[in-house]
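Everything below concerns the one structure shown next.
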Amino acid sequence: MGADKNTDSAVSLPASARADWADLRVFLHVAETGSISAAARSLQLSQPTVSQRLRDLEVRLNTQLVARGPQGVVLTEAGARIRDHVAVMQRSASAIDRLLREFDEKPEGRVKIAVPDGIGSFWIAPRIPALQRVHPGVTLSIDGGFWSDSTLRDEIDISIQYDTRGFGEQVVEPLATVHYAPFAAASYLKLYGVPKSQAELATHRTVHHSAVQLQKETWDPKAEAVRTLSAYNVETNCSATLLMSVMAGAGIAFLPTCAASFIPNLVMLSEAPAASPKLYLVYDAAVARTTRAKSVLTWLQDIFAPASNPWFADEFVHPREFSMHSGAGTMTFEPPE
């Protein structure tokens, strides 16, 4: 009954309400990638959000646009015809955006960034004052990947990603190599001892981040087995929860080695990294021509530069050597007793 009601109401809507551009854009990404998950990645939305917006569009248009199957989605005849029109709309919208950017030389204004929550919270956020001192007129909107319906996800200017699939003609530049390794707080190791092997590590209390799944080819097979097969005691999709849990002594977790540069009393439990995925800077070429966005791009490149941040270099540097390099600062966090 609910579906019939929605369909009837969709038929009575005016054309402007039935063809919402935001939903048409979602449909175009699904049509071009052939996959809900791939479209979600390119749009920086969650899969449920993409699926819901596609269903909403089909209900409003009273037309099935795609057929869903185990291998992805296939366009219906109506979907294929609509796709061609939406593609023209997208090209026109992009052309207008590029044209406007070419005339935008203002040093002030808003720049919107999408970034993984851990990188955004623990690395980028503490360095915002340095940007503000040099460019006081620049305002940042930072989307950390939560709340997929947030308006911060509209019109992202710059994206920092582990996954570079589905970005089309956007500029994709390597920004950093993030080395992951098993870490524990000194307080945890004092209570439970230091694991003497990877097999023994898997028997310890562990803290697991459910989103660590990209660039699996960079993971050492034995370390990946420990990470995925251990009976973790804490699971989360939030980097702040993961890190604070480890700092408080909740268990062992695979963390970026850069964490040891600003958090005291973290102990790396291996001599080599378990994985070394690449972090990429993604943006439209027109973005780089605007003064305010250019300032933010330069700032981002600076704060990830391996010359002053050795933990982001392609070649692994063990945390015990961080103090030998300039730029290693300590940010004090005191976990609860």
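In the structure tokens, chains take letters A, B, ... by order of appearance, with residues numbered from 1 within each chain and ligands from 1 in the order shown.
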
Can you list, as an MDAnalysis selection string, every protein, DNA or RNA residue that comes within 9 Å of Trp299 of chain A when you count only C-alpha atoms, leaving out same-chain residues fewer than 4 positions away?
chainID A and resid 130:131 294:295 303:304

Any chance you could list, as a PyMOL selection string, the residues in segment 183-256 of chain A that come up helix (DSSP H, G or I) when DSSP is run on the backbone?
chain A and resi 186-192+198-201+216-218+221-229+239-247

Restricted to N, CA, C and O atoms, what would the selected residues look like written as a CSV table (one decimal), in the first residue's frame?
chain,number,residue,atom,x,y,z
A,186,ALA,N,51.9,1.5,26.4
A,186,ALA,CA,52.8,0.9,27.4
A,186,ALA,C,52.1,0.3,28.6
A,186,ALA,O,52.5,-0.7,29.1
A,187,SER,N,51.0,0.9,28.9
A,187,SER,CA,50.2,0.4,30.1
A,187,SER,C,49.6,-0.9,29.8
A,187,SER,O,49.6,-1.8,30.7
A,188,TYR,N,49.2,-1.2,28.5
A,188,TYR,CA,48.6,-2.5,28.2
A,188,TYR,C,49.7,-3.5,28.2
A,188,TYR,O,49.5,-4.6,28.8
A,189,LEU,N,50.9,-3.2,27.7
A,189,LEU,CA,52.0,-4.2,27.6
A,189,LEU,C,52.5,-4.5,29.0
A,189,LEU,O,52.9,-5.7,29.3
A,190,LYS,N,52.4,-3.6,29.9
A,190,LYS,CA,52.8,-3.8,31.3
A,190,LYS,C,51.9,-4.8,32.0
A,190,LYS,O,52.4,-5.7,32.8
A,191,LEU,N,50.7,-4.8,31.6
A,191,LEU,CA,49.7,-5.7,32.2
A,191,LEU,C,49.7,-7.1,31.6
A,191,LEU,O,49.6,-8.1,32.2
A,192,TYR,N,49.8,-7.1,30.2
A,192,TYR,CA,49.5,-8.3,29.5
A,192,TYR,C,50.8,-8.9,28.8
A,192,TYR,O,50.7,-10.0,28.2
A,198,GLN,N,53.7,-13.0,15.7
A,198,GLN,CA,52.4,-12.6,15.2
A,198,GLN,C,51.3,-13.6,15.6
A,198,GLN,O,50.1,-13.1,15.9
A,199,ALA,N,51.6,-14.8,15.7
A,199,ALA,CA,50.6,-15.8,16.2
A,199,ALA,C,50.2,-15.5,17.6
A,199,ALA,O,49.0,-15.6,18.0
A,200,GLU,N,51.2,-15.1,18.5
A,200,GLU,CA,50.8,-14.7,19.8
A,200,GLU,C,50.1,-13.4,19.9
A,200,GLU,O,49.2,-13.2,20.7
A,201,LEU,N,50.4,-12.5,19.0
A,201,LEU,CA,49.7,-11.2,18.9
A,201,LEU,C,48.2,-11.5,18.7
A,201,LEU,O,47.3,-10.8,19.3
A,216,LYS,N,44.5,-3.7,-0.3
A,216,LYS,CA,44.9,-5.0,0.4
A,216,LYS,C,46.2,-5.6,-0.1
A,216,LYS,O,46.8,-6.3,0.6
A,217,GLU,N,46.5,-5.2,-1.4
A,217,GLU,CA,47.8,-5.8,-1.9
A,217,GLU,C,49.0,-5.3,-1.2
A,217,GLU,O,50.1,-5.9,-1.3
A,218,THR,N,48.9,-4.2,-0.4
A,218,THR,CA,50.0,-3.6,0.3
A,218,THR,C,50.2,-4.3,1.7
A,218,THR,O,51.2,-4.1,2.3
A,221,PRO,N,50.9,-10.6,4.1
A,221,PRO,CA,49.9,-11.7,4.3
A,221,PRO,C,49.7,-12.2,5.7
A,221,PRO,O,48.6,-12.4,6.2
A,222,LYS,N,50.8,-12.4,6.4
A,222,LYS,CA,50.8,-12.8,7.8
A,222,LYS,C,50.1,-11.8,8.7
A,222,LYS,O,49.3,-12.1,9.5
A,223,ALA,N,50.5,-10.5,8.5
A,223,ALA,CA,49.9,-9.5,9.3
A,223,ALA,C,48.4,-9.3,9.0
A,223,ALA,O,47.6,-9.1,9.9
A,224,GLU,N,48.0,-9.5,7.7
A,224,GLU,CA,46.6,-9.4,7.4
A,224,GLU,C,45.8,-10.5,8.0
A,224,GLU,O,44.7,-10.3,8.5
A,225,ALA,N,46.4,-11.7,8.1
A,225,ALA,CA,45.8,-12.8,8.7
A,225,ALA,C,45.5,-12.6,10.2
A,225,ALA,O,44.5,-12.8,10.7
A,226,VAL,N,46.6,-12.0,10.8
A,226,VAL,CA,46.4,-11.7,12.3
A,226,VAL,C,45.3,-10.6,12.5
A,226,VAL,O,44.5,-10.7,13.3
A,227,ARG,N,45.3,-9.6,11.6
A,227,ARG,CA,44.3,-8.5,11.7
A,227,ARG,C,42.9,-9.0,11.5
A,227,ARG,O,42.0,-8.6,12.2
A,228,THR,N,42.7,-9.9,10.5
A,228,THR,CA,41.4,-10.3,10.2
A,228,THR,C,40.8,-11.5,11.0
A,228,THR,O,39.6,-11.6,11.1
A,229,LEU,N,41.8,-12.3,11.4
A,229,LEU,CA,41.3,-13.5,12.1
A,229,LEU,C,41.3,-13.4,13.6
A,229,LEU,O,40.8,-14.3,14.3
A,239,SER,N,38.0,6.3,13.7
A,239,SER,CA,39.4,6.3,14.1
A,239,SER,C,39.6,6.9,15.5
A,239,SER,O,40.6,6.5,16.1
A,240,ALA,N,38.9,7.9,15.9
A,240,ALA,CA,39.0,8.5,17.2
A,240,ALA,C,38.8,7.5,18.3
A,240,ALA,O,39.5,7.3,19.3
A,241,THR,N,37.7,6.7,18.1
A,241,THR,CA,37.4,5.6,19.1
A,241,THR,C,38.5,4.6,19.1
A,241,THR,O,38.9,4.1,20.2
A,242,LEU,N,39.0,4.2,17.9
A,242,LEU,CA,40.1,3.2,17.8
A,242,LEU,C,41.3,3.7,18.6
A,242,LEU,O,41.8,3.0,19.5
A,243,LEU,N,41.7,5.0,18.3
A,243,LEU,CA,42.9,5.5,18.9
A,243,LEU,C,42.8,5.7,20.4
A,243,LEU,O,43.7,5.3,21.2
A,244,MET,N,41.7,6.2,20.8
A,244,MET,CA,41.5,6.5,22.3
A,244,MET,C,41.4,5.2,23.0
A,244,MET,O,41.9,5.1,24.2
A,245,SER,N,40.8,4.1,22.4
A,245,SER,CA,40.8,2.8,23.0
A,245,SER,C,42.2,2.2,23.3
A,245,SER,O,42.5,1.7,24.3
A,246,VAL,N,43.0,2.3,22.2
A,246,VAL,CA,44.4,1.8,22.3
A,246,VAL,C,45.2,2.6,23.4
A,246,VAL,O,45.9,2.0,24.2
A,247,MET,N,45.0,3.9,23.4
A,247,MET,CA,45.7,4.8,24.3
A,247,MET,C,45.3,4.5,25.8
A,247,MET,O,46.2,4.5,26.7

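Going from atom CA of Pro273 of chain A over to atom CA of Ala211 of chain A, you cover 18.3 Å.
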
How many Å separate atom CA of Lys112 of chain A from atom CA of Trp21 of chain A?
20.1 Å

Those of segment 15-69 of chain A in DSSP strand (DSSP E), formatted as a compact mmCIF listing (two decimals) with N, CA and C atoms, in the first residue's frame:
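The resulting states.txt:
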# COMPACT_ATOMS: atom_id res chain seq x y z
N VAL A 66 16.99 1.17 -13.54
CA VAL A 66 18.03 0.15 -13.55
C VAL A 66 17.46 -1.16 -13.05
N ALA A 67 18.07 -2.24 -13.52
CA ALA A 67 17.75 -3.57 -13.01
C ALA A 67 18.94 -4.02 -12.17
N ARG A 68 18.69 -4.39 -10.92
CA ARG A 68 19.76 -4.75 -10.01
C ARG A 68 20.00 -6.25 -10.05
N GLY A 69 21.27 -6.64 -10.04
CA GLY A 69 21.62 -8.05 -10.07
C GLY A 69 22.92 -8.30 -9.34

Correct to one decimal, the distance atom CA of Asp302 of chain A-atom CA of Ile124 of chain A is 11.1 Å

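With only C-alpha atoms as the atoms that count, the residue of A:Val88, A:Gly145, A:Pro107, A:Leu61 with the shortest distance to Leu45 of chain A is A:Gly145.
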
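Among the candidates A:Pro310, A:Gly144, A:Pro182, A:Gly79, the residue lying nearest to Ala275 of chain A is A:Pro182 (atoms considered: only C-alpha atoms).
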
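Within 9 Å of Val234 of chain A, once only C-alpha atoms are used and residues closer than 6 positions along the same chain are dropped, the contacting residues are A:Arg205, A:Thr206, A:Val207, A:His208, A:His209, A:Leu242, A:Ser245, A:Ala250, A:Gly251.
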
Go ahead and write the selection's residues with all heavy atoms as a PDB file, in the first residue's frame.
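The result, stored in again_4.pdb:
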ATOM      1  N   ARG A 205      44.187  -9.072  23.386  1.00  0.00           N
ATOM      2  CA  ARG A 205      43.057  -8.165  23.151  1.00  0.00           C
ATOM      3  C   ARG A 205      43.407  -7.277  21.968  1.00  0.00           C
ATOM      4  O   ARG A 205      44.495  -6.708  21.906  1.00  0.00           O
ATOM      5  CB  ARG A 205      42.802  -7.289  24.386  1.00  0.00           C
ATOM      6  CG  ARG A 205      42.428  -8.064  25.640  1.00  0.00           C
ATOM      7  CD  ARG A 205      42.275  -7.098  26.809  1.00  0.00           C
ATOM      8  NE  ARG A 205      42.019  -7.804  28.054  1.00  0.00           N
ATOM      9  CZ  ARG A 205      40.800  -8.122  28.489  1.00  0.00           C
ATOM     10  NH1 ARG A 205      39.742  -7.779  27.769  1.00  0.00           N
ATOM     11  NH2 ARG A 205      40.640  -8.765  29.619  1.00  0.00           N
ATOM     12  N   THR A 206      42.486  -7.148  21.016  1.00  0.00           N
ATOM     13  CA  THR A 206      42.739  -6.323  19.843  1.00  0.00           C
ATOM     14  C   THR A 206      41.590  -5.357  19.603  1.00  0.00           C
ATOM     15  O   THR A 206      40.451  -5.608  19.999  1.00  0.00           O
ATOM     16  CB  THR A 206      42.949  -7.191  18.583  1.00  0.00           C
ATOM     17  OG1 THR A 206      41.821  -8.070  18.415  1.00  0.00           O
ATOM     18  CG2 THR A 206      44.225  -8.013  18.688  1.00  0.00           C
ATOM     19  N   VAL A 207      41.927  -4.257  18.946  1.00  0.00           N
ATOM     20  CA  VAL A 207      40.950  -3.227  18.593  1.00  0.00           C
ATOM     21  C   VAL A 207      40.964  -3.122  17.073  1.00  0.00           C
ATOM     22  O   VAL A 207      42.018  -2.938  16.456  1.00  0.00           O
ATOM     23  CB  VAL A 207      41.297  -1.871  19.231  1.00  0.00           C
ATOM     24  CG1 VAL A 207      40.201  -0.853  18.941  1.00  0.00           C
ATOM     25  CG2 VAL A 207      41.509  -2.018  20.734  1.00  0.00           C
ATOM     26  N   HIS A 208      39.791  -3.254  16.460  1.00  0.00           N
ATOM     27  CA  HIS A 208      39.688  -3.432  15.008  1.00  0.00           C
ATOM     28  C   HIS A 208      38.910  -2.285  14.370  1.00  0.00           C
ATOM     29  O   HIS A 208      37.838  -1.907  14.845  1.00  0.00           O
ATOM     30  CB  HIS A 208      38.976  -4.762  14.724  1.00  0.00           C
ATOM     31  CG  HIS A 208      38.755  -5.043  13.278  1.00  0.00           C
ATOM     32  ND1 HIS A 208      39.768  -5.344  12.410  1.00  0.00           N
ATOM     33  CD2 HIS A 208      37.614  -5.088  12.545  1.00  0.00           C
ATOM     34  CE1 HIS A 208      39.279  -5.561  11.202  1.00  0.00           C
ATOM     35  NE2 HIS A 208      37.975  -5.412  11.255  1.00  0.00           N
ATOM     36  N   HIS A 209      39.486  -1.722  13.294  1.00  0.00           N
ATOM     37  CA  HIS A 209      38.790  -0.702  12.506  1.00  0.00           C
ATOM     38  C   HIS A 209      38.169  -1.386  11.292  1.00  0.00           C
ATOM     39  O   HIS A 209      38.873  -1.951  10.452  1.00  0.00           O
ATOM     40  CB  HIS A 209      39.751   0.395  12.065  1.00  0.00           C
ATOM     41  CG  HIS A 209      39.072   1.655  11.631  1.00  0.00           C
ATOM     42  ND1 HIS A 209      38.126   1.689  10.623  1.00  0.00           N
ATOM     43  CD2 HIS A 209      39.168   2.937  12.075  1.00  0.00           C
ATOM     44  CE1 HIS A 209      37.694   2.926  10.462  1.00  0.00           C
ATOM     45  NE2 HIS A 209      38.306   3.708  11.323  1.00  0.00           N
ATOM     46  N   LEU A 242      38.970   4.210  17.920  1.00  0.00           N
ATOM     47  CA  LEU A 242      40.065   3.242  17.840  1.00  0.00           C
ATOM     48  C   LEU A 242      41.284   3.734  18.602  1.00  0.00           C
ATOM     49  O   LEU A 242      41.837   3.022  19.462  1.00  0.00           O
ATOM     50  CB  LEU A 242      40.424   3.007  16.377  1.00  0.00           C
ATOM     51  CG  LEU A 242      41.596   2.052  16.116  1.00  0.00           C
ATOM     52  CD1 LEU A 242      41.110   0.615  16.106  1.00  0.00           C
ATOM     53  CD2 LEU A 242      42.273   2.383  14.789  1.00  0.00           C
ATOM     54  N   SER A 245      40.846   4.128  22.406  1.00  0.00           N
ATOM     55  CA  SER A 245      40.774   2.813  23.042  1.00  0.00           C
ATOM     56  C   SER A 245      42.173   2.236  23.257  1.00  0.00           C
ATOM     57  O   SER A 245      42.497   1.712  24.323  1.00  0.00           O
ATOM     58  CB  SER A 245      39.941   1.842  22.201  1.00  0.00           C
ATOM     59  OG  SER A 245      38.615   2.273  22.079  1.00  0.00           O
ATOM     60  N   ALA A 250      43.068  -0.622  25.915  1.00  0.00           N
ATOM     61  CA  ALA A 250      42.034  -1.613  25.586  1.00  0.00           C
ATOM     62  C   ALA A 250      42.567  -2.764  24.752  1.00  0.00           C
ATOM     63  O   ALA A 250      41.931  -3.814  24.676  1.00  0.00           O
ATOM     64  CB  ALA A 250      40.876  -0.940  24.855  1.00  0.00           C
ATOM     65  N   GLY A 251      43.707  -2.581  24.100  1.00  0.00           N
ATOM     66  CA  GLY A 251      44.234  -3.664  23.296  1.00  0.00           C
ATOM     67  C   GLY A 251      45.213  -3.188  22.247  1.00  0.00           C
ATOM     68  O   GLY A 251      45.640  -2.029  22.243  1.00  0.00           O
TER      69      GLY A 251
END

For Thr257 of chain A, find every residue with an atom within 12 Å (counting only C-alpha atoms), except residues of its own chain fewer than 6 positions away, and show them as a PDB file with N, CA, C and O atoms, in the first residue's frame.
ATOM      1  N   THR A 177      52.606   8.125   1.775  1.00  0.00           N
ATOM      2  CA  THR A 177      52.510   6.698   2.040  1.00  0.00           C
ATOM      3  C   THR A 177      52.259   6.539   3.530  1.00  0.00           C
ATOM      4  O   THR A 177      53.013   7.071   4.345  1.00  0.00           O
ATOM      5  N   VAL A 178      51.197   5.841   3.875  1.00  0.00           N
ATOM      6  CA  VAL A 178      50.826   5.682   5.289  1.00  0.00           C
ATOM      7  C   VAL A 178      51.173   4.253   5.709  1.00  0.00           C
ATOM      8  O   VAL A 178      50.566   3.292   5.237  1.00  0.00           O
ATOM      9  N   HIS A 179      52.163   4.138   6.579  1.00  0.00           N
ATOM     10  CA  HIS A 179      52.621   2.820   7.023  1.00  0.00           C
ATOM     11  C   HIS A 179      51.821   2.395   8.255  1.00  0.00           C
ATOM     12  O   HIS A 179      51.780   3.117   9.258  1.00  0.00           O
ATOM     13  N   TYR A 180      51.204   1.233   8.171  1.00  0.00           N
ATOM     14  CA  TYR A 180      50.439   0.679   9.290  1.00  0.00           C
ATOM     15  C   TYR A 180      51.255  -0.395   9.994  1.00  0.00           C
ATOM     16  O   TYR A 180      51.958  -1.184   9.355  1.00  0.00           O
ATOM     17  N   ALA A 181      51.135  -0.422  11.320  1.00  0.00           N
ATOM     18  CA  ALA A 181      51.855  -1.418  12.118  1.00  0.00           C
ATOM     19  C   ALA A 181      51.067  -1.676  13.400  1.00  0.00           C
ATOM     20  O   ALA A 181      50.231  -0.851  13.803  1.00  0.00           O
ATOM     21  N   PRO A 182      51.305  -2.809  14.068  1.00  0.00           N
ATOM     22  CA  PRO A 182      50.619  -3.075  15.339  1.00  0.00           C
ATOM     23  C   PRO A 182      51.203  -2.208  16.457  1.00  0.00           C
ATOM     24  O   PRO A 182      52.425  -2.128  16.626  1.00  0.00           O
ATOM     25  N   PHE A 183      50.310  -1.566  17.211  1.00  0.00           N
ATOM     26  CA  PHE A 183      50.710  -0.705  18.329  1.00  0.00           C
ATOM     27  C   PHE A 183      49.907  -1.057  19.568  1.00  0.00           C
ATOM     28  O   PHE A 183      48.765  -1.515  19.478  1.00  0.00           O
ATOM     29  N   ALA A 184      50.507  -0.792  20.703  1.00  0.00           N
ATOM     30  CA  ALA A 184      49.802  -0.905  21.985  1.00  0.00           C
ATOM     31  C   ALA A 184      50.333   0.167  22.918  1.00  0.00           C
ATOM     32  O   ALA A 184      51.456   0.672  22.740  1.00  0.00           O
ATOM     33  N   ILE A 263      51.736  11.046  19.744  1.00  0.00           N
ATOM     34  CA  ILE A 263      51.103  10.451  20.925  1.00  0.00           C
ATOM     35  C   ILE A 263      52.163   9.697  21.722  1.00  0.00           C
ATOM     36  O   ILE A 263      52.799   8.771  21.197  1.00  0.00           O
ATOM     37  N   LEU A 266      53.078   5.087  22.986  1.00  0.00           N
ATOM     38  CA  LEU A 266      52.656   4.060  22.044  1.00  0.00           C
ATOM     39  C   LEU A 266      53.880   3.233  21.666  1.00  0.00           C
ATOM     40  O   LEU A 266      54.947   3.785  21.374  1.00  0.00           O
ATOM     41  N   VAL A 267      53.726   1.922  21.654  1.00  0.00           N
ATOM     42  CA  VAL A 267      54.843   1.034  21.342  1.00  0.00           C
ATOM     43  C   VAL A 267      54.512   0.244  20.074  1.00  0.00           C
ATOM     44  O   VAL A 267      53.475  -0.425  20.004  1.00  0.00           O
ATOM     45  N   MET A 268      55.410   0.340  19.085  1.00  0.00           N
ATOM     46  CA  MET A 268      55.239  -0.449  17.864  1.00  0.00           C
ATOM     47  C   MET A 268      55.754  -1.861  18.118  1.00  0.00           C
ATOM     48  O   MET A 268      56.858  -2.039  18.643  1.00  0.00           O
ATOM     49  N   LEU A 269      54.971  -2.862  17.752  1.00  0.00           N
ATOM     50  CA  LEU A 269      55.253  -4.248  18.110  1.00  0.00           C
ATOM     51  C   LEU A 269      55.859  -5.052  16.964  1.00  0.00           C
ATOM     52  O   LEU A 269      55.789  -6.284  16.959  1.00  0.00           O
ATOM     53  N   SER A 270      56.433  -4.391  15.990  1.00  0.00           N
ATOM     54  CA  SER A 270      57.101  -5.084  14.892  1.00  0.00           C
ATOM     55  C   SER A 270      58.236  -4.210  14.381  1.00  0.00           C
ATOM     56  O   SER A 270      58.289  -3.010  14.672  1.00  0.00           O
ATOM     57  N   GLU A 271      59.126  -4.808  13.623  1.00  0.00           N
ATOM     58  CA  GLU A 271      60.243  -4.059  13.058  1.00  0.00           C
ATOM     59  C   GLU A 271      59.916  -3.510  11.674  1.00  0.00           C
ATOM     60  O   GLU A 271      60.610  -2.624  11.178  1.00  0.00           O
ATOM     61  N   ALA A 272      58.882  -4.021  11.058  1.00  0.00           N
ATOM     62  CA  ALA A 272      58.500  -3.589   9.713  1.00  0.00           C
ATOM     63  C   ALA A 272      57.003  -3.292   9.682  1.00  0.00           C
ATOM     64  O   ALA A 272      56.240  -3.800  10.517  1.00  0.00           O
ATOM     65  N   PRO A 273      56.569  -2.472   8.745  1.00  0.00           N
ATOM     66  CA  PRO A 273      55.131  -2.175   8.662  1.00  0.00           C
ATOM     67  C   PRO A 273      54.342  -3.379   8.176  1.00  0.00           C
ATOM     68  O   PRO A 273      54.854  -4.238   7.457  1.00  0.00           O
ATOM     69  N   ALA A 274      53.074  -3.435   8.579  1.00  0.00           N
ATOM     70  CA  ALA A 274      52.189  -4.493   8.111  1.00  0.00           C
ATOM     71  C   ALA A 274      51.586  -4.155   6.753  1.00  0.00           C
ATOM     72  O   ALA A 274      51.223  -5.043   5.982  1.00  0.00           O
ATOM     73  N   ALA A 275      51.477  -2.864   6.461  1.00  0.00           N
ATOM     74  CA  ALA A 275      50.931  -2.400   5.182  1.00  0.00           C
ATOM     75  C   ALA A 275      51.401  -0.979   4.943  1.00  0.00           C
ATOM     76  O   ALA A 275      51.696  -0.242   5.895  1.00  0.00           O
ATOM     77  N   SER A 276      51.466  -0.593   3.663  1.00  0.00           N
ATOM     78  CA  SER A 276      51.908   0.758   3.315  1.00  0.00           C
ATOM     79  C   SER A 276      51.058   1.314   2.175  1.00  0.00           C
ATOM     80  O   SER A 276      51.538   1.528   1.058  1.00  0.00           O
ATOM     81  N   ASN A 309      58.157  15.163   7.466  1.00  0.00           N
ATOM     82  CA  ASN A 309      57.293  14.144   8.069  1.00  0.00           C
ATOM     83  C   ASN A 309      57.735  12.768   7.565  1.00  0.00           C
ATOM     84  O   ASN A 309      57.117  12.191   6.673  1.00  0.00           O
ATOM     85  N   PRO A 310      58.815  12.231   8.127  1.00  0.00           N
ATOM     86  CA  PRO A 310      59.409  11.003   7.576  1.00  0.00           C
ATOM     87  C   PRO A 310      58.484   9.797   7.596  1.00  0.00           C
ATOM     88  O   PRO A 310      58.674   8.857   6.827  1.00  0.00           O
ATOM     89  N   TRP A 311      57.476   9.817   8.468  1.00  0.00           N
ATOM     90  CA  TRP A 311      56.527   8.705   8.550  1.00  0.00           C
ATOM     91  C   TRP A 311      55.637   8.620   7.322  1.00  0.00           C
ATOM     92  O   TRP A 311      54.950   7.626   7.131  1.00  0.00           O
ATOM     93  N   PHE A 312      55.632   9.654   6.464  1.00  0.00           N
ATOM     94  CA  PHE A 312      54.852   9.641   5.231  1.00  0.00           C
ATOM     95  C   PHE A 312      55.709   9.360   3.997  1.00  0.00           C
ATOM     96  O   PHE A 312      55.208   9.423   2.871  1.00  0.00           O
ATOM     97  N   ALA A 313      56.972   9.052   4.186  1.00  0.00           N
ATOM     98  CA  ALA A 313      57.856   8.757   3.049  1.00  0.00           C
ATOM     99  C   ALA A 313      57.561   7.367   2.506  1.00  0.00           C
ATOM    100  O   ALA A 313      57.047   6.496   3.218  1.00  0.00           O
ATOM    101  N   PHE A 316      60.057   3.157   4.564  1.00  0.00           N
ATOM    102  CA  PHE A 316      59.623   3.076   5.954  1.00  0.00           C
ATOM    103  C   PHE A 316      60.705   3.578   6.920  1.00  0.00           C
ATOM    104  O   PHE A 316      61.879   3.235   6.781  1.00  0.00           O
ATOM    105  N   VAL A 317      60.280   4.403   7.865  1.00  0.00           N
ATOM    106  CA  VAL A 317      61.137   4.871   8.951  1.00  0.00           C
ATOM    107  C   VAL A 317      60.508   4.411  10.261  1.00  0.00           C
ATOM    108  O   VAL A 317      59.345   4.705  10.542  1.00  0.00           O
ATOM    109  N   HIS A 318      61.264   3.686  11.067  1.00  0.00           N
ATOM    110  CA  HIS A 318      60.728   3.164  12.325  1.00  0.00           C
ATOM    111  C   HIS A 318      60.493   4.316  13.305  1.00  0.00           C
ATOM    112  O   HIS A 318      61.282   5.273  13.347  1.00  0.00           O
ATOM    113  N   PRO A 319      59.422   4.270  14.092  1.00  0.00           N
ATOM    114  CA  PRO A 319      59.144   5.339  15.053  1.00  0.00           C
ATOM    115  C   PRO A 319      60.302   5.665  16.000  1.00  0.00           C
ATOM    116  O   PRO A 319      60.416   6.807  16.457  1.00  0.00           O
ATOM    117  N   ARG A 320      61.161   4.693  16.295  1.00  0.00           N
ATOM    118  CA  ARG A 320      62.275   4.989  17.203  1.00  0.00           C
ATOM    119  C   ARG A 320      63.233   6.026  16.600  1.00  0.00           C
ATOM    120  O   ARG A 320      64.015   6.651  17.320  1.00  0.00           O
ATOM    121  N   GLU A 321      63.155   6.195  15.276  1.00  0.00           N
ATOM    122  CA  GLU A 321      64.025   7.151  14.602  1.00  0.00           C
ATOM    123  C   GLU A 321      63.369   8.509  14.400  1.00  0.00           C
ATOM    124  O   GLU A 321      64.016   9.431  13.895  1.00  0.00           O
ATOM    125  N   PHE A 322      62.104   8.653  14.777  1.00  0.00           N
ATOM    126  CA  PHE A 322      61.401   9.909  14.513  1.00  0.00           C
ATOM    127  C   PHE A 322      62.094  11.096  15.153  1.00  0.00           C
ATOM    128  O   PHE A 322      62.129  12.190  14.592  1.00  0.00           O
TER     129      PHE A 322
END
